[in-house]
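The structure appears below as structure tokens.
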Amino acid sequence: MPESQPVRATRGVRDILPGERPAWRVAEQAAQAVAERYGYQQLETPIIEPVELVERGVGEATDVVAKELYRFQDPGGRWLVLRPEGTAGTLRAYFEGGLNQGPQPARLYLIGPMFRHDRPQAGRYRQLYQFSLEAIGEDSPALDAEVIEVAWTWFRDLGMKGVSLQLNSIGDGKCRPAYRQALLDYYRPLQPELCADCRRRLEVNPLRLLDCKADNRFVKDAPLITEYLCDECRTAFAGVRRLLDDAGIEYRLNPRIVRGLDYYTRTAFEFWHEAIGGQQNALGGGGRYDGLATAIGWPATPAVGFATGLDRTVAMMKEEGVAVPAPAAAEVLVVPDGPLLEPAARVGRICRAVRSTAVDYSQRSLKAKMRSANRLGSRWVAVMNEVEAAREVVQLREMGSGEQREVPWRELAEALA
RNA sequence: GUGGCUGUAGCUCAGUGGCAGAGCACCAGGUUGUGGCCCUGGGGGUCGUGGGUUCAAACCCCAUCAGCCACCCCA
């Protein structure tokens, strides 16, 4: 009888069990393959980062920082965070690791867990996994188009169909202030009618007013950022669009895409999936973030990138029926009939030279062991009793055909080859 | 932060006041060394927790905790 309630995983996180891992592996390997095909190199950054990196990089007024950050003090009293996204850390590593002194742009990608303490629900987790990719150190709009193309190709390689690209430009430090003012001029008179969140946004981050679903009716007539872009931003945006057109990548211009992180400038985009139940339809997003480097105290450096969610992508693969065959846990199962631990372990070792092999050390009936062999999906079973162990032979059974023959241990490698 | 729904076996769940159940999983047997289909049996339950009502509570009431879903935001 248990002493108390069984310990379960903490809220909003989950295990990715062996049955699901093959689909994850397909998604991850496709990500690596496509990124590397475009000349991007993998990097890993720490999951813990100094709190300043995220507060100054992502922006203190964003939901991600203001409400969702896992923030804690380490035993030495330093304030740390569990990274909520990968871009700020990647840019930090770019400088600290001297990648800014190599060929530019540095093309980098990262696959790993991120942490956001919001309320969990379908498709939304407190530990989520992202594939993110960045081109750092050059401001060509061709790189904006390139990173979009990488993400686009990744979804296509995975066999995903219902993905759409939403594209916008949100200007830069030069033209955004004017637009910001225009937004304020438009929204200020409406203030009494706005929802509580929007009244706060009005003071803190007016761009995010466009994101509000509750005040949809006001968003419709709000001024458009694209009307306020400066010449440079306008030219850059046109360049991105021409490159996407030329690449045959379809997109929808969506002036309401403003992104939830402060560091974006100019190009902003999101990938949506026609939501299959639930509102968590964003598969990824990104854009240019020329201001991030200075925000975290490094020299001004242009960069562009995206982050995509593996959790939702894998879920959508399943929804779309993308087939991922699950390989057998072990191709060979060694089944001793009786207490024959050493001989069984030895036979296992022999088989492993050529095939993945597990050994059944249980004391159950032979019938029960054969049943598990069947459920494991093993292709062969090597059975032996005491007499056979003494003679150093096994009965090698092929589960598919049911054919079985006696094989000496020394010939097992050939028999399984 | 706000709302809705749900907590019963390892898992998925049925059970609306009167003996705590099913399917799956697990073990054994049917078959004296041999899997899949089938059949039989077995082990396994503080009915989330605490209190209340009642002759009697998994069921009704109160509280509490947890989970899920949704708003919001995002991947």
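Numbering starts fresh at 1 for the residues of each chain in the structure tokens, the chains themselves are lettered A, B, ... in the order given, and ligands are numbered from 1 as they appear.
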Pull out every residue of chain A that has at least one atom within 6 Å of chain B, counting only C-alpha atoms (C1' of nucleotides), and report them as JSON, numbers by chain. {"A": [283, 284, 308, 309, 370, 371, 374]}
Using DSSP assignments from the backbone, pull out every residue in region 161-356 of chain A that falls under alpha helix (DSSP H) and give it to me as a PyMOL selection string. chain A and resi 176-187+196-204+216-219+231-247+292-295+310-319+341-351
Quick one: pull the distance between CA of Gly377 (chain A) and CA of Leu340 (chain A), Å, one decimal.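 Answer for the CA of Gly377 (chain A) to CA of Leu340 (chain A) separation: 23.2 Å.
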Taking only C-alpha atoms (C1' of nucleotides) into account, which of B:C26, B:U2, B:U64, B:C19 comes nearest G44 (chain B)?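 Between B:C26, B:U2, B:U64, B:C19, the residue approaching G44 (chain B) most closely is B:C26.
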Who sits within 10 Å of Ile225 (chain A), only C-alpha atoms (C1' of nucleotides), same chain under 3 positions skipped, as an MDAnalysis selection string: chainID A and resid 168:171 175:176 178:180 182:183 207 222 228:229 255:256 258
